[in-house]
Amino acid sequence: MKTRIHKAPESVPAKTAVGLSFRNVWKEFPSGDSTVTALREVSFELMRGEAVALLGPSGAGKSTLLLIAGCLMTPTRGEVRMGGKLVFDSLSGQGSELEDEREFRRKNVGFVFQKAHLIPFLSAVENVQLALEINDERPAVARRRAMELLDYLGVGERAGNLPRQLSGGQQQRVAVARALANNPSLILADEPTAALDAYRGRQVMELFRQIAHEQGACIIVVTHDHRSLDSFDRILRLQDGQLFEGQLEDDSVPPGGPDAF
Amino acid sequence: MNLAARDLRYNKLRFGLTSLGVALLITAASGMLGLYRGVVGDALRMLDLFRPDLWVVEGGTEGPFAEPSKVPFVVRDRATGVPGVARARVYFEASAVIEGENLSIMGLDWPADRGGSIPLSAGRHLGRGRGEAIVDRSLGMEIGEELRIGQERVTVVGLADRFLSSMGDGMVALSLTDARAVQAERPAGEVWMAKESYSTPGSPGGMNTAPAGGGDGSAGAMATAVLVDVAPGADREAVARIIESWGDVSVVPHSAQEAYLLEGRLGRLRAQILTFTVLLLVITGVVVTLIVYTLTVEKLHEIAMLKLLGARNRMILGMIIQQALAIGLMAYLASRALGALLFPLFPRDVVLLPRDRAFFAVVLLLICLLGSALGIDRALKVDAQEVIA
């Protein structure tokens, strides 16, 4: 199988510190009398400030990888480190250095999904403010920071609107603002542009790259949108639970054929 | 940020209607209790009009509030002669058709008793031994109005406030002579129906004195009871022993009559009302539980998102509990408003004491707290990763 390494843009600054690392990570799920292997010996390192696209067909294990990276699921075996902290380790038998996974997630991980998943009864600014208040930020400070983020993402003028009063693109920007609110060291995005038109999708992907570079966060974006791959520093590909570096030639063809572009 | 308040504001119509539904249930439950208190209040008020030291009732019975009782009028005269007795009066209560309505009448032992204990809002007490009446205002009669009671004609001279029978019906007070005359001329059919009701314990007719021989001419000789006031310093027990030694009567203290009234005739009513009240509160509890659970289930996705964002359990549980309490508070306030609006329209008094209101507030609080437990249990089981699912 021929692979093509996707080169990072020239403008990306040098990245030295490891933000996230997987070492020989396995994840197996029981299925009747047998087990289904979602991840097989997955190993990779993400440097701080690096934006990575994660490709792969449905069922390849992309969501499982995101869940493990986001401390929402524990691997069957292997070692996961985030920001130098041991999140999971079955290799050396040290276990986890985390006392409270939810607290760790609150302080270190931001999520963006295909749908915005905004709290429907909170306004745009309140959705962002909530993420900050959950992280013990004072309401006034949280409000100011939330407004800054919404302004930064170009939806500041819709801050007082409820999610149902926003377009899909505006909702997704609010979701991005929420993910960024606590300056996470890791941002996990699962098909964040699937509900957006091409122009908006491109904007969001560019935004991720910009955030990674400016804030030094690691970003993993699961995407099927091959038009936006240029926005990423690296491309990882999952196939049957195994991780490959780079993009298959076939990956450049969208499911609808070349005309789908 | 108060998530419960934000959600309430967002779903205000829904929360409003939910609270209104719970409020109606609480209004019904408190109304039941209020009606009971009203009935008890009316009954005790009637007893308080007399408040003798001793009730002399038919021998072997516990008096008119426990079972049918009749004593000869002559007992009053015999009791008057007992050492230590300051006063003996006839207590006479019966039913009669007045202006086509079957009403409770009370015979006043005129001239000793002119109805002075009956609280008047207009007019005067009885001034003559015949042809005058004091009526409760709820009967809709006016001063100077002439009433036809059988062959008798009496004039309303006084309007009373809350001159009610033990069952809460407005009463008519006549002189004993008029009351006996009315009793004596009751049509045969009415007497037969009255006998039937007397034989049914707890029936409204059962409160009245026996129909005094069924209209056979001896009616006037019988009273419901004789009320005895003991002279200051006299030994009440000794007086009671003397009267009971006659053999044909029993002597019951006033406090015991109150107890018979409350535990006997009204006891069954109380049991029924309390059963309904408890049933309504249980229904309220089930409804609140279902509502809070449903509200929680509908927010599971948001709860999963909160967990994904790292929210502590106390924030999520706080939202559920605060919403349940908000429903309870709104329902309680709405039930107070509904009660103030509706209860005065009831034909019977609805009396709610401050402790009753406090009781319903506390019960509603507990219902809301317990009701939210199911929702909390469900919320705690939600995984953050369900957002992605």
# chains A, B, ... in the order shown; residues from 1 in each chain; ligands from 1
call {"tool": "residues_around", "arguments": {"residues": "Glu45 (chain A)", "least_positions_apart": "6", "cutoff": "7 Å", "atoms": "only C-alpha atoms", "output": "JSON, numbers by chain"}}
result
{"A": [18, 20, 21, 22]}
call {"tool": "write_last_selection", "arguments": {"atoms": "N, CA and C atoms", "output": "compact mmCIF listing (two decimals), in the first residue's frame"}}
result
# COMPACT_ATOMS: atom_id res chain seq x y z
N VAL A 18 6.76 17.19 23.74
CA VAL A 18 5.72 16.22 23.39
C VAL A 18 4.44 16.59 24.15
N LEU A 20 1.25 14.86 23.43
CA LEU A 20 0.45 13.64 23.62
C LEU A 20 1.22 12.47 23.02
N SER A 21 1.28 11.39 23.76
CA SER A 21 1.94 10.21 23.19
C SER A 21 1.15 8.95 23.51
N PHE A 22 1.04 8.10 22.49
CA PHE A 22 0.46 6.77 22.64
C PHE A 22 1.61 5.78 22.41
call {"tool": "interface_residues", "arguments": {"of": "chain A", "to": "chain B", "cutoff": "7 Å", "atoms": "only C-alpha atoms", "output": "PyMOL selection string"}}
result
chain A and resi 72+102-103+105-106+119+121-122+130-131+134
call {"tool": "residues_around", "arguments": {"residues": "Ala175 (chain A)", "least_positions_apart": "6", "cutoff": "12 Å", "atoms": "only C-alpha atoms", "output": "JSON, numbers by chain"}}
result
{"A": [110, 111, 112, 113, 114, 115, 116, 117, 118, 119, 123, 124, 125, 126, 127, 128, 129, 130, 131, 146, 149, 150, 153, 155, 163, 166, 168, 169, 181, 187, 188, 189, 192, 193, 204], "B": [305, 309]}
call {"tool": "select_by_dssp", "arguments": {"residues": "region 181-377 of chain B", "states": "helix (DSSP H, G or I)", "output": "PyMOL selection string"}}
result
chain B and resi 181-184+188-198+204-207+219-221+236-244+254-298+300-308+313-345+354-377
call {"tool": "atom_distance", "arguments": {"atom1": "CA of Val174 (chain A)", "atom2": "CA of Glu148 (chain A)"}}
result
11.6 Å
call {"tool": "atom_distance", "arguments": {"atom1": "CA of Ile26 (chain B)", "atom2": "CA of Asp169 (chain B)"}}
result
26.8 Å
call {"tool": "residues_around", "arguments": {"residues": "Leu333 (chain B)", "least_positions_apart": "6", "cutoff": "12 Å", "atoms": "only C-alpha atoms", "output": "mmCIF file with C-alpha atoms, in the first residue's frame"}}
result
data_model
loop_
_atom_site.group_PDB
_atom_site.id
_atom_site.type_symbol
_atom_site.label_atom_id
_atom_site.label_comp_id
_atom_site.auth_asym_id
_atom_site.auth_seq_id
_atom_site.Cartn_x
_atom_site.Cartn_y
_atom_site.Cartn_z
ATOM 1 C CA GLY B 16 -45.365 26.885 34.328
ATOM 2 C CA SER B 19 -46.220 23.748 38.317
ATOM 3 C CA LEU B 20 -49.861 24.536 37.722
ATOM 4 C CA VAL B 22 -48.848 20.151 40.796
ATOM 5 C CA ALA B 23 -50.488 23.237 42.288
ATOM 6 C CA LEU B 24 -53.939 21.879 41.447
ATOM 7 C CA ILE B 26 -51.824 20.454 46.268
ATOM 8 C CA THR B 27 -54.857 22.751 46.205
ATOM 9 C CA ALA B 326 -38.473 25.452 41.730
ATOM 10 C CA ILE B 327 -41.426 23.410 40.508
ATOM 11 C CA GLY B 339 -56.901 28.434 47.306
ATOM 12 C CA ALA B 340 -57.443 32.113 48.001
ATOM 13 C CA ARG B 357 -49.789 25.474 55.172
ATOM 14 C CA PHE B 360 -48.001 21.170 52.812
ATOM 15 C CA ALA B 361 -44.890 23.261 52.184
ATOM 16 C CA LEU B 364 -44.015 19.388 48.874
#
call {"tool": "residues_around", "arguments": {"residues": "Lys27 (chain A)", "least_positions_apart": "3", "cutoff": "6 Å", "atoms": "only C-alpha atoms", "output": "ChimeraX atom specification"}}
result
/A:37-39,75-76
call {"tool": "residues_around", "arguments": {"residues": "Val362 (chain B)", "least_positions_apart": "2", "cutoff": "12 Å", "atoms": "only C-alpha atoms", "output": "PDB file with C-alpha atoms, in the first residue's frame"}}
result
ATOM      1  CA  ILE B  26     -51.824  20.454  46.268  1.00  0.00           C
ATOM      2  CA  LEU B 281     -50.104  13.627  48.118  1.00  0.00           C
ATOM      3  CA  LEU B 325     -37.559  22.664  44.117  1.00  0.00           C
ATOM      4  CA  GLY B 328     -42.385  22.789  44.131  1.00  0.00           C
ATOM      5  CA  LEU B 329     -42.065  26.458  45.071  1.00  0.00           C
ATOM      6  CA  TYR B 332     -46.932  25.937  46.347  1.00  0.00           C
ATOM      7  CA  ARG B 355     -49.403  24.761  60.523  1.00  0.00           C
ATOM      8  CA  ASP B 356     -51.412  23.153  57.706  1.00  0.00           C
ATOM      9  CA  ARG B 357     -49.789  25.474  55.172  1.00  0.00           C
ATOM     10  CA  ALA B 358     -46.397  24.711  56.700  1.00  0.00           C
ATOM     11  CA  PHE B 359     -47.228  20.997  56.527  1.00  0.00           C
ATOM     12  CA  PHE B 360     -48.001  21.170  52.812  1.00  0.00           C
ATOM     13  CA  LEU B 364     -44.015  19.388  48.874  1.00  0.00           C
ATOM     14  CA  LEU B 365     -40.365  20.030  49.664  1.00  0.00           C
ATOM     15  CA  LEU B 366     -39.865  16.375  50.579  1.00  0.00           C
ATOM     16  CA  ILE B 367     -41.812  15.228  47.529  1.00  0.00           C
ATOM     17  CA  CYS B 368     -39.598  17.347  45.289  1.00  0.00           C
ATOM     18  CA  LEU B 369     -36.411  16.113  46.916  1.00  0.00           C
TER      19      LEU B 369
END
call {"tool": "residues_around", "arguments": {"residues": "region 58-66 of chain A", "least_positions_apart": "3", "cutoff": "6 Å", "atoms": "only C-alpha atoms", "output": "VMD selection string"}}
result
chain A and resid 38 69 to 70 238 to 241
call {"tool": "atom_distance", "arguments": {"atom1": "CA of Leu262 (chain B)", "atom2": "CA of Val350 (chain B)"}}
result
17.0 Å
